[in-house]
>>> print(open('target-v5.txt').read())   # compact mmCIF, C-alpha atoms
# COMPACT_ATOMS: atom_id res chain seq x y z
CA MET X 1 122.44 107.43 47.34
CA SER X 2 121.69 111.09 46.87
CA GLU X 3 118.81 112.38 44.83
CA VAL X 4 119.42 115.49 42.79
CA LYS X 5 116.83 117.41 40.77
CA LEU X 6 117.33 120.60 38.80
CA PHE X 7 114.42 122.80 37.80
CA GLY X 8 115.45 124.94 34.84
CA ALA X 9 114.68 126.65 31.57
CA TRP X 10 116.74 125.66 28.50
CA PHE X 11 117.61 129.20 27.48
CA SER X 12 118.62 130.53 30.89
CA PRO X 13 122.30 131.39 31.48
CA TYR X 14 121.67 131.00 35.23
CA VAL X 15 120.45 127.45 34.74
CA LYS X 16 123.22 126.57 32.30
CA ARG X 17 125.92 127.58 34.77
CA VAL X 18 124.43 125.25 37.37
CA GLU X 19 124.22 122.40 34.84
CA MET X 20 127.84 123.02 33.97
CA ALA X 21 128.82 122.77 37.64
CA LEU X 22 126.88 119.52 38.14
CA ASN X 23 128.51 118.07 35.02
CA LEU X 24 131.94 119.24 36.17
CA LYS X 25 131.51 117.20 39.35
CA GLY X 26 129.97 114.24 37.50
CA VAL X 27 126.74 114.47 39.49
CA GLU X 28 123.78 112.48 38.21
CA TYR X 29 120.62 114.53 38.30
CA GLU X 30 117.10 114.72 36.99
CA TYR X 31 116.47 117.80 34.88
CA ILE X 32 112.98 119.25 34.90
CA GLU X 33 112.17 121.88 32.28
CA GLU X 34 109.84 124.50 33.72
CA ASP X 35 107.43 126.46 31.53
CA LEU X 36 108.03 129.90 33.00
CA LYS X 37 104.65 131.15 31.71
CA ASN X 38 102.94 128.33 33.56
CA LYS X 39 104.98 127.22 36.56
CA SER X 40 104.24 123.78 37.95
CA PRO X 41 102.78 123.39 41.47
CA LEU X 42 105.78 121.19 42.40
CA PHE X 43 108.21 123.92 41.37
CA LEU X 44 106.29 126.59 43.31
CA GLN X 45 106.27 124.30 46.32
CA TYR X 46 110.06 124.14 46.25
CA ASN X 47 110.54 127.84 45.55
CA PRO X 48 107.59 129.95 46.69
CA ILE X 49 109.95 132.84 47.44
CA THR X 50 111.51 133.98 44.18
CA LYS X 51 109.63 131.53 41.90
CA LEU X 52 112.67 131.64 39.59
CA VAL X 53 114.88 128.99 38.01
CA PRO X 54 117.32 127.47 38.66
CA VAL X 55 116.27 125.52 41.74
CA LEU X 56 118.46 122.63 42.85
CA VAL X 57 116.78 120.03 45.03
CA HIS X 58 119.17 117.73 46.89
CA ASN X 59 117.61 114.93 48.93
CA GLY X 60 114.35 116.86 49.00
CA LYS X 61 115.88 120.16 50.13
CA PRO X 62 115.71 123.10 47.71
CA ILE X 63 118.40 125.70 47.10
CA PHE X 64 117.95 128.85 45.01
CA GLU X 65 120.05 131.61 43.39
CA SER X 66 122.61 130.38 40.89
CA THR X 67 125.74 131.60 42.69
CA VAL X 68 124.51 130.09 45.98
CA ILE X 69 123.85 126.83 44.15
CA LEU X 70 127.32 126.89 42.57
CA GLU X 71 128.92 127.23 46.00
CA TYR X 72 126.74 124.43 47.40
CA ILE X 73 127.75 122.13 44.53
CA ASP X 74 131.42 122.97 45.05
CA GLU X 75 131.20 122.23 48.77
CA THR X 76 129.13 119.06 48.47
CA TRP X 77 130.73 117.07 45.65
CA GLU X 78 134.34 116.05 44.93
CA GLY X 79 135.98 116.89 41.65
CA PRO X 80 137.56 119.94 40.00
CA SER X 81 137.02 123.18 41.94
CA ILE X 82 134.79 126.05 41.01
CA PHE X 83 135.83 128.33 43.87
CA PRO X 84 139.52 128.89 44.76
CA LYS X 85 140.77 127.15 47.92
CA ASP X 86 142.61 130.15 49.40
CA PRO X 87 140.28 132.42 51.45
CA TYR X 88 141.59 135.64 49.93
CA ASP X 89 141.36 134.30 46.37
CA ARG X 90 137.87 133.09 47.22
CA ALA X 91 136.93 136.58 48.40
CA MET X 92 138.32 138.08 45.18
CA SER X 93 136.30 135.59 43.08
CA ARG X 94 133.12 136.45 44.97
CA PHE X 95 133.82 140.16 44.51
CA TRP X 96 134.40 139.85 40.75
CA ALA X 97 131.40 137.54 40.30
CA LYS X 98 129.21 140.19 41.93
CA PHE X 99 130.79 142.89 39.80
CA VAL X 100 130.13 140.93 36.60
CA GLU X 101 126.51 140.24 37.56
CA ASP X 102 125.57 143.71 38.86
CA LYS X 103 127.71 146.03 36.78
CA CYS X 104 128.25 144.24 33.45
CA SER X 105 125.53 141.70 32.68
CA ASP X 106 122.68 143.84 33.97
CA PRO X 107 123.38 147.06 32.04
CA LEU X 108 124.38 145.11 28.89
CA TRP X 109 121.03 143.35 28.96
CA LYS X 110 119.13 146.56 29.74
CA ALA X 111 120.88 148.48 26.96
CA CYS X 112 119.81 145.90 24.38
CA TRP X 113 116.15 146.01 25.40
CA ALA X 114 115.81 149.72 26.16
CA ALA X 115 115.50 152.72 23.86
CA GLY X 116 116.44 156.39 23.78
CA GLU X 117 117.89 157.94 26.92
CA GLU X 118 117.53 154.76 28.96
CA ARG X 119 119.54 152.84 26.38
CA GLU X 120 122.30 155.47 26.33
CA LYS X 121 122.50 155.46 30.11
CA ALA X 122 122.74 151.64 30.27
CA LYS X 123 125.29 151.66 27.43
CA LYS X 124 127.52 154.11 29.33
CA GLU X 125 127.31 152.01 32.51
CA ALA X 126 128.09 148.82 30.62
CA GLU X 127 131.06 150.35 28.81
CA GLU X 128 132.60 151.67 32.03
CA ALA X 129 132.26 148.26 33.65
CA LEU X 130 133.57 146.42 30.60
CA LYS X 131 136.69 148.64 30.57
CA ILE X 132 137.42 147.37 34.08
CA LEU X 133 136.73 143.77 33.11
CA GLU X 134 138.94 144.17 30.03
CA ASN X 135 141.81 145.01 32.34
CA GLU X 136 141.03 142.16 34.70
CA ILE X 137 141.17 139.46 31.97
CA LYS X 138 144.39 140.84 30.43
CA GLY X 139 147.05 138.13 30.15
CA LYS X 140 144.71 135.38 31.39
CA LYS X 141 142.99 132.64 29.46
CA PHE X 142 140.05 132.60 31.85
CA PHE X 143 139.10 134.73 34.85
CA GLY X 144 139.93 131.64 36.89
CA GLY X 145 143.43 131.48 35.34
CA ASP X 146 144.30 128.43 33.27
CA ASN X 147 141.04 126.76 34.23
CA ILE X 148 137.54 128.17 34.37
CA GLY X 149 136.44 129.37 37.78
CA LEU X 150 133.47 131.01 39.47
CA VAL X 151 133.77 134.30 37.58
CA ASP X 152 133.81 132.48 34.23
CA TYR X 153 130.67 130.60 35.24
CA VAL X 154 128.88 133.81 36.19
CA ALA X 155 130.13 135.66 33.11
CA ASN X 156 128.74 132.93 30.81
CA TYR X 157 126.01 135.43 30.10
CA ILE X 158 128.46 137.88 28.57
CA ALA X 159 130.34 135.24 26.60
CA PHE X 160 127.41 133.53 24.93
CA TRP X 161 124.07 135.26 25.37
CA ILE X 162 125.04 138.92 25.00
CA PRO X 163 126.71 138.57 21.55
CA LEU X 164 123.60 136.76 20.28
CA LEU X 165 121.27 139.37 21.75
CA GLN X 166 123.36 142.19 20.31
CA ASP X 167 123.06 140.67 16.85
CA VAL X 168 119.30 140.19 17.19
CA VAL X 169 118.60 143.79 18.29
CA GLY X 170 121.35 145.27 16.09
CA PHE X 171 122.95 147.21 18.94
CA HIS X 172 126.55 146.36 19.80
CA ILE X 173 128.39 147.44 22.92
CA LEU X 174 130.71 144.48 23.43
CA THR X 175 132.82 144.41 20.27
CA GLN X 176 136.21 142.96 19.38
CA ASP X 177 137.43 146.45 18.49
CA LYS X 178 136.58 148.06 21.81
CA PHE X 179 137.20 145.08 24.10
CA PRO X 180 139.70 142.72 22.43
CA ASN X 181 140.69 140.91 25.66
CA ILE X 182 137.10 140.17 26.66
CA TRP X 183 136.30 139.18 23.09
CA LYS X 184 139.21 136.69 23.12
CA TRP X 185 138.01 135.32 26.46
CA CYS X 186 134.45 134.91 25.05
CA TYR X 187 135.92 132.81 22.24
CA GLU X 188 138.08 130.73 24.64
CA LEU X 189 135.14 130.07 26.95
CA CYS X 190 132.55 129.22 24.31
CA ASN X 191 134.99 126.94 22.46
CA ASP X 192 136.34 125.16 25.51
CA SER X 193 135.48 121.48 24.97
CA PHE X 194 133.77 121.17 28.34
CA VAL X 195 131.89 124.49 28.28
CA LYS X 196 130.73 123.90 24.70
CA LYS X 197 128.79 120.80 25.79
CA ASN X 198 126.98 122.89 28.39
CA LEU X 199 125.69 125.68 26.17
CA PRO X 200 122.35 125.69 24.35
CA GLU X 201 122.19 125.77 20.54
CA LYS X 202 123.01 129.22 19.13
CA GLU X 203 120.24 129.15 16.52
CA LYS X 204 117.65 128.11 19.09
CA VAL X 205 118.67 130.95 21.44
CA SER X 206 118.74 133.50 18.58
CA SER X 207 115.26 132.46 17.40
CA GLY X 208 113.99 132.70 20.96
CA LEU X 209 115.45 136.17 21.35
CA LYS X 210 114.04 137.30 17.95
CA ARG X 211 110.62 136.08 19.06
CA ALA X 212 111.02 137.96 22.36
CA VAL X 213 111.90 141.17 20.52
CA GLU X 214 108.84 140.80 18.27
CA THR X 215 106.36 139.91 20.99
CA GLY X 216 107.89 142.09 23.72
CA SER X 217 107.87 139.10 26.06
CA LEU X 218 110.83 136.98 27.06
CA TYR X 219 108.96 133.72 27.55
CA MET J 1 153.36 137.76 63.05
CA ALA J 2 150.17 139.21 64.49
CA ASP J 3 147.42 139.80 61.98
CA ASP J 4 146.98 143.41 60.99
CA LEU J 5 143.32 144.30 60.50
CA LYS J 6 142.03 147.71 59.45
CA LEU J 7 138.47 148.64 58.65
CA LEU J 8 137.65 151.62 56.46
CA ARG J 9 134.13 152.75 57.28
CA THR J 10 131.85 155.74 57.80
CA TRP J 11 130.04 156.63 61.04
CA SER J 12 126.67 155.45 59.76
CA SER J 13 127.08 152.87 56.99
CA PRO J 14 124.89 149.84 57.78
CA TYR J 15 127.11 147.76 55.48
CA ALA J 16 130.17 148.67 57.50
CA LEU J 17 128.31 147.87 60.71
CA ARG J 18 127.92 144.29 59.51
CA VAL J 19 131.68 144.00 59.51
CA VAL J 20 132.06 145.81 62.85
CA HIS J 21 129.63 143.34 64.44
CA ALA J 22 131.31 140.34 62.81
CA LEU J 23 134.76 141.40 64.04
CA LYS J 24 133.36 141.87 67.55
CA ILE J 25 131.71 138.43 67.55
CA LYS J 26 135.01 136.89 66.45
CA GLY J 27 136.86 138.81 69.18
CA LEU J 28 139.23 140.40 66.70
CA GLU J 29 141.28 143.54 67.27
CA TYR J 30 141.45 146.02 64.46
CA GLU J 31 142.06 149.66 63.63
CA THR J 32 139.15 151.79 62.45
CA VAL J 33 139.68 154.35 59.72
CA LEU J 34 136.70 156.72 59.57
CA GLU J 35 135.93 157.95 56.08
CA ASP J 36 134.09 161.09 55.04
CA ILE J 37 132.05 159.96 52.06
CA THR J 38 131.97 163.51 50.67
CA ARG J 39 135.77 163.64 50.72
CA LYS J 40 137.08 160.13 50.10
CA SER J 41 140.59 159.49 51.27
CA ALA J 42 143.42 158.45 48.97
CA SER J 43 143.48 155.13 50.84
CA LEU J 44 139.83 154.37 50.10
CA LEU J 45 140.32 155.18 46.44
CA GLU J 46 143.42 153.02 46.34
CA TYR J 47 141.90 150.00 48.10
CA ASN J 48 138.47 150.12 46.47
CA PRO J 49 139.06 151.81 43.11
CA LEU J 50 136.09 150.07 41.52
CA HIS J 51 133.29 151.13 43.80
CA LYS J 52 135.00 153.75 46.00
CA LYS J 53 132.76 152.64 48.85
CA VAL J 54 133.02 151.48 52.44
CA PRO J 55 133.44 149.06 54.04
CA VAL J 56 136.90 147.90 53.06
CA LEU J 57 138.68 145.41 55.26
CA LEU J 58 142.46 145.42 55.06
CA HIS J 59 144.03 142.17 56.20
CA ASN J 60 147.81 142.46 56.34
CA GLY J 61 147.51 145.21 53.74
CA ARG J 62 145.28 143.26 51.32
CA PRO J 63 141.84 144.79 50.69
CA VAL J 64 138.55 142.92 50.74
CA CYS J 65 135.50 144.88 49.57
CA GLU J 66 131.71 144.35 49.65
CA SER J 67 130.29 143.70 53.11
CA LEU J 68 128.90 140.19 52.53
CA VAL J 69 132.14 139.16 50.79
CA ILE J 70 134.01 140.50 53.84
CA LEU J 71 131.79 138.52 56.24
CA GLU J 72 132.47 135.30 54.32
CA TYR J 73 136.19 136.09 54.29
CA ILE J 74 136.29 136.72 58.04
CA ASP J 75 134.39 133.48 58.62
CA ASP J 76 136.80 131.60 56.34
CA VAL J 77 139.94 132.87 58.05
CA TYR J 78 138.79 133.04 61.68
CA LYS J 79 136.74 129.93 62.31
CA GLN J 80 135.36 130.52 65.81
CA PRO J 81 132.63 131.21 66.56
CA PRO J 82 131.19 130.39 63.11
CA LEU J 83 128.93 132.97 61.49
CA LEU J 84 127.61 130.68 58.78
CA PRO J 85 125.80 127.43 59.65
CA GLN J 86 127.88 124.26 59.34
CA ASP J 87 125.19 122.18 57.63
CA PRO J 88 125.68 122.62 53.84
CA HIS J 89 122.01 123.16 53.06
CA GLU J 90 121.53 125.63 55.91
CA LYS J 91 124.69 127.43 54.82
CA ALA J 92 123.33 127.75 51.27
CA MET J 93 120.00 129.07 52.56
CA ALA J 94 121.82 131.57 54.80
CA ARG J 95 123.62 132.90 51.73
CA PHE J 96 120.29 133.08 49.89
CA TRP J 97 118.55 135.02 52.67
CA ALA J 98 121.38 137.53 52.93
CA GLN J 99 121.12 138.18 49.18
CA PHE J 100 117.32 138.33 49.43
CA GLY J 101 117.72 140.99 52.09
CA ASP J 102 119.95 143.15 49.92
CA ASP J 103 118.10 142.52 46.66
CA LYS J 104 114.50 142.67 47.89
CA VAL J 105 113.95 143.71 51.51
CA MET J 106 116.23 146.73 51.55
CA PRO J 107 115.00 148.24 48.26
CA SER J 108 111.35 147.63 49.14
CA THR J 109 111.85 149.31 52.53
CA TRP J 110 113.61 152.18 50.84
CA ARG J 111 110.76 152.60 48.35
CA VAL J 112 108.23 153.03 51.17
CA PHE J 113 110.56 155.43 52.95
CA THR J 114 111.31 157.65 49.96
CA SER J 115 107.73 158.00 48.71
CA GLU J 116 104.48 159.52 49.88
CA GLY J 117 100.75 159.40 49.21
CA LYS J 118 99.58 156.89 46.64
CA ASP J 119 103.16 155.89 45.71
CA GLN J 120 103.87 154.98 49.31
CA GLU J 121 100.61 153.05 49.63
CA GLU J 122 101.52 151.01 46.56
CA ALA J 123 105.03 150.37 47.90
CA ILE J 124 103.75 148.84 51.13
CA GLY J 125 102.39 145.67 49.46
CA PRO J 126 105.77 144.39 48.16
CA LEU J 127 107.45 145.22 51.49
CA THR J 128 104.78 143.28 53.40
CA GLU J 129 105.25 140.26 51.14
CA ASN J 130 109.00 140.30 51.75
CA LEU J 131 108.60 140.69 55.51
CA LYS J 132 106.24 137.69 55.60
CA PHE J 133 109.10 135.51 54.34
CA LEU J 134 111.37 136.77 57.11
CA GLU J 135 108.68 136.17 59.72
CA GLU J 136 108.38 132.58 58.50
CA GLN J 137 112.15 132.09 58.78
CA LEU J 138 112.14 133.03 62.47
CA LYS J 139 109.64 130.32 63.52
CA GLY J 140 111.07 128.39 66.45
CA LYS J 141 114.26 130.44 66.53
CA SER J 142 115.66 133.28 68.62
CA PHE J 143 117.79 134.58 65.76
CA PHE J 144 117.97 133.81 62.05
CA GLY J 145 121.15 131.95 62.96
CA GLY J 146 119.35 129.83 65.56
CA GLU J 147 120.30 130.35 69.20
CA ALA J 148 123.10 132.78 68.44
CA ILE J 149 123.58 135.75 66.11
CA GLY J 150 124.92 134.59 62.76
CA TYR J 151 125.53 135.63 59.18
CA VAL J 152 121.89 136.27 58.28
CA ASP J 153 121.29 138.29 61.46
CA LEU J 154 124.26 140.47 60.58
CA ALA J 155 123.02 140.81 56.98
CA PHE J 156 119.65 142.02 58.32
CA GLY J 157 121.31 144.00 61.08
CA TRP J 158 120.42 147.30 59.41
CA MET J 159 116.83 146.65 60.46
CA GLY J 160 117.95 146.62 64.09
CA ASN J 161 118.27 150.37 64.34
CA LEU J 162 117.06 151.74 61.01
CA ILE J 163 113.50 150.42 61.04
CA SER J 164 112.49 152.41 64.10
CA ILE J 165 114.30 155.49 62.80
CA LEU J 166 112.52 155.31 59.43
CA GLU J 167 109.18 154.64 61.15
CA GLU J 168 109.65 157.72 63.31
CA ILE J 169 110.41 159.93 60.31
CA ILE J 170 107.50 158.82 58.12
CA ASP J 171 105.15 158.21 61.06
CA LEU J 172 104.25 154.81 59.68
CA LYS J 173 104.72 151.32 61.11
CA LEU J 174 106.92 149.28 58.76
CA VAL J 175 107.21 146.22 61.00
CA ASP J 176 103.96 146.00 62.91
CA ALA J 177 104.34 143.89 66.09
CA GLU J 178 100.87 142.44 65.58
CA LYS J 179 101.43 141.41 61.96
CA PHE J 180 105.09 140.43 62.47
CA PRO J 181 105.49 139.36 66.11
CA LEU J 182 108.62 137.26 65.51
CA LEU J 183 110.35 139.86 63.35
CA SER J 184 109.52 142.62 65.85
CA ALA J 185 110.89 140.50 68.67
CA TRP J 186 114.04 139.79 66.64
CA ILE J 187 114.58 143.50 65.98
CA ASN J 188 114.46 144.19 69.73
CA LYS J 189 116.56 141.18 70.73
CA PHE J 190 119.19 141.87 68.09
CA SER J 191 119.51 145.58 68.72
CA ASP J 192 119.68 145.09 72.50
CA ASP J 193 122.35 142.43 72.32
CA PRO J 194 125.44 143.86 74.09
CA VAL J 195 127.73 142.96 71.17
CA ILE J 196 125.48 144.85 68.76
CA LYS J 197 124.26 147.70 70.94
CA ALA J 198 127.72 149.05 71.62
CA PHE J 199 128.19 150.08 68.02
CA TRP J 200 124.93 151.76 67.04
CA PRO J 201 125.64 155.24 65.67
CA PRO J 202 124.01 158.19 67.54
CA ARG J 203 120.27 158.01 66.96
CA ASP J 204 119.68 161.77 66.70
CA LYS J 205 122.37 162.07 64.01
CA MET J 206 120.78 159.15 62.15
CA VAL J 207 117.30 160.71 62.31
CA GLU J 208 118.74 163.96 60.96
CA LYS J 209 120.58 162.18 58.16
CA PHE J 210 117.63 160.08 57.01
CA LYS J 211 115.18 162.96 57.25
CA ALA J 212 117.41 164.89 54.85
CA MET J 213 117.60 161.84 52.56
CA ARG J 214 113.83 161.49 52.41
CA GLU J 215 113.42 165.19 51.62
CA HIS J 216 116.02 164.93 48.90
CA PHE J 217 114.23 161.97 47.29
CA LEU J 218 110.78 163.53 47.52
CA LYS J 219 112.07 166.67 45.78
CA GLN J 220 113.25 164.56 42.84
CA VAL J 221 109.80 163.16 42.02
CA PRO J 222 108.39 165.02 38.96
>>> encode(input="target-v5.txt", output="structure tokens")
Amino acid sequence: MSEVKLFGAWFSPYVKRVEMALNLKGVEYEYIEEDLKNKSPLFLQYNPITKLVPVLVHNGKPIFESTVILEYIDETWEGPSIFPKDPYDRAMSRFWAKFVEDKCSDPLWKACWAAGEEREKAKKEAEEALKILENEIKGKKFFGGDNIGLVDYVANYIAFWIPLLQDVVGFHILTQDKFPNIWKWCYELCNDSFVKKNLPEKEKVSSGLKRAVETGSLY
Amino acid sequence: MADDLKLLRTWSSPYALRVVHALKIKGLEYETVLEDITRKSASLLEYNPLHKKVPVLLHNGRPVCESLVILEYIDDVYKQPPLLPQDPHEKAMARFWAQFGDDKVMPSTWRVFTSEGKDQEEAIGPLTENLKFLEEQLKGKSFFGGEAIGYVDLAFGWMGNLISILEEIIDLKLVDAEKFPLLSAWINKFSDDPVIKAFWPPRDKMVEKFKAMREHFLKQVP
């Protein structure tokens, strides 16, 4: 019988995507909430390298980085797929997942937290990337097609966390007006019956973000 | 129908070299298309409109971009010899280390290389910390991949020729053989491997290029 542990933080989109993957495959696991201001010795033993959540521990062996964990879960357990089966489609998924993470999520996040010139620069970067993403999702329910796939998992950040953060800081880049296709996809993803069960409570996340804005610290 | 493989690359891109090495290890024939990054070809812009960067692998006309994505693709399609470990946990860790290299080791090396004085001194600490992890990974192994060159070795391949070039330019040891005996040994073993060695770009051209890069960056500091 395999033993699966997941070290996480309730508000983290990276952790939530891993939880979603484990639940997709019907894997039983022990969830351990880490206090990121005061990391446990056990956690640091498993991940002394990045010291970040999520960390999946399978039969005593740790794995880090959410996209690496997603691929491990897909390869290890039976059930619906996260990655496409065809090598070329798999390569395209990996490419778009990287694009979402590096070019969309990052600048969107930065733009919300920054000010002045830095904010404008991040906003411009985010908008350029979102224009590309807007085109990519056109005519599709999810990035994965009819079912959610890797890119949807990685873009969970944009679908759920970014709209909440935008409201809290009062600075909106991703809007229905400017990006109607992405906006529609956000709605589809967050209201999908399976995904919905794997998202944290909106009010809890908003309060957490408000507190972070006031204190200047995320944790 | 024989597979048609084309690789769009520049003479010096370390990312493109990953793919060159991978194709050689797999024994694959392909056509090279050399790009001038200052004057990108219509093909490059067509096949990688998003990033407009090399490398781009064209397989029967279909483009794959991003060097690590290309390595995984090659390994998926052409199984022998495998680049990634077969054991699922080792495979996951290989993917992690490759990302760690790009996200942490490369930028921290670059920070030391493009700074001077106090800034450079401060940049050395983070680089040292990152290199310690790599040193640890090589314990009991010839290569990151074990007995043979694998995915992680190719991901760190840029260190094979670039480290000594950067060290020469800034007159500073980045990978000290005393502090990092295993990593130093790996750099030598990797860069001398006949499969790898054959493709190193001309050293004098590289020194010239990186010297100019360092000067450019130093000028930008207020």
>>> interface_residues(input="target-v5.txt", of="chain X", to="chain J", cutoff="12 Å", atoms="all atoms listed in the file", output="MDAnalysis selection string")
chainID X and resid 47:50 55:77 85:100 102:103 128:133 135:136
>>> atom_distance(input="target-v5.txt", atom1="atom CA of X:Arg119", atom2="atom CA of X:Glu214")
18.0 Å
>>> closest_residue(input="target-v5.txt", among="J:Asn48, J:Gln220, J:Asn161, J:Ser43", to="J:Asn188", atoms="only C-alpha atoms")
J:Asn161
>>> atom_distance(input="target-v5.txt", atom1="atom CA of X:Lys25", atom2="atom CA of J:Leu84")
24.0 Å
>>> closest_residue(input="target-v5.txt", among="X:Asp177, X:Ser217, X:Glu120, X:Lys16", to="X:Val195", atoms="all atoms listed in the file")
X:Lys16
>>> atom_distance(input="target-v5.txt", atom1="atom CA of J:Pro81", atom2="atom CA of J:Leu28")
11.3 Å
>>> closest_residue(input="target-v5.txt", among="J:Leu218, J:Leu154, J:Leu44, J:Ile25", to="J:Gly117", atoms="all atoms listed in the file")
J:Leu218
>>> closest_residue(input="target-v5.txt", among="J:Leu8, J:Leu83, J:Leu23, J:Leu174", to="J:Ile196", atoms="all atoms listed in the file")
J:Leu23
>>> residues_around(input="target-v5.txt", residues="J:Thr38", least_positions_apart="4", cutoff="12 Å", atoms="only C-alpha atoms", output="ChimeraX atom specification")
/J:10,52-53
>>> residues_around(input="target-v5.txt", residues="J:Phe143", least_positions_apart="4", cutoff="7 Å", atoms="only C-alpha atoms", output="PDB file with C-alpha atoms, in the coordinates of the input")
ATOM      1  CA  LEU J 138     112.140 133.030  62.470  1.00  0.00           C
ATOM      2  CA  GLU J 147     120.300 130.350  69.200  1.00  0.00           C
ATOM      3  CA  ALA J 148     123.100 132.780  68.440  1.00  0.00           C
ATOM      4  CA  ILE J 149     123.580 135.750  66.110  1.00  0.00           C
ATOM      5  CA  ASP J 153     121.290 138.290  61.460  1.00  0.00           C
ATOM      6  CA  TRP J 186     114.040 139.790  66.640  1.00  0.00           C
TER       7      TRP J 186
END
>>> residues_around(input="target-v5.txt", residues="J:Pro14", least_positions_apart="6", cutoff="9 Å", atoms="only C-alpha atoms", output="PDB file with C-alpha atoms, in the coordinates of the input")
ATOM      1  CA  GLY J 157     121.310 144.000  61.080  1.00  0.00           C
ATOM      2  CA  TRP J 158     120.420 147.300  59.410  1.00  0.00           C
ATOM      3  CA  LEU J 162     117.060 151.740  61.010  1.00  0.00           C
TER       4      LEU J 162
END
>>> residues_around(input="target-v5.txt", residues="stretch 147-161 of chain X", least_positions_apart="5", cutoff="9 Å", atoms="all atoms listed in the file", output="count of residues only")
41
>>> closest_residue(input="target-v5.txt", among="X:Val53, X:Leu24, X:Trp113, X:Asp192", to="X:Leu36", atoms="all atoms listed in the file")
X:Val53
>>> closest_residue(input="target-v5.txt", among="X:Trp10, X:Glu117, X:Phe171, X:Val15", to="X:Pro200", atoms="all atoms listed in the file")
X:Trp10
>>> residues_near_point(input="target-v5.txt", point="(129.7, 160.7, 55.7)", cutoff="10 Å", atoms="only C-alpha atoms", output="VMD selection string")
chain J and resid 9 to 13 34 to 40 209
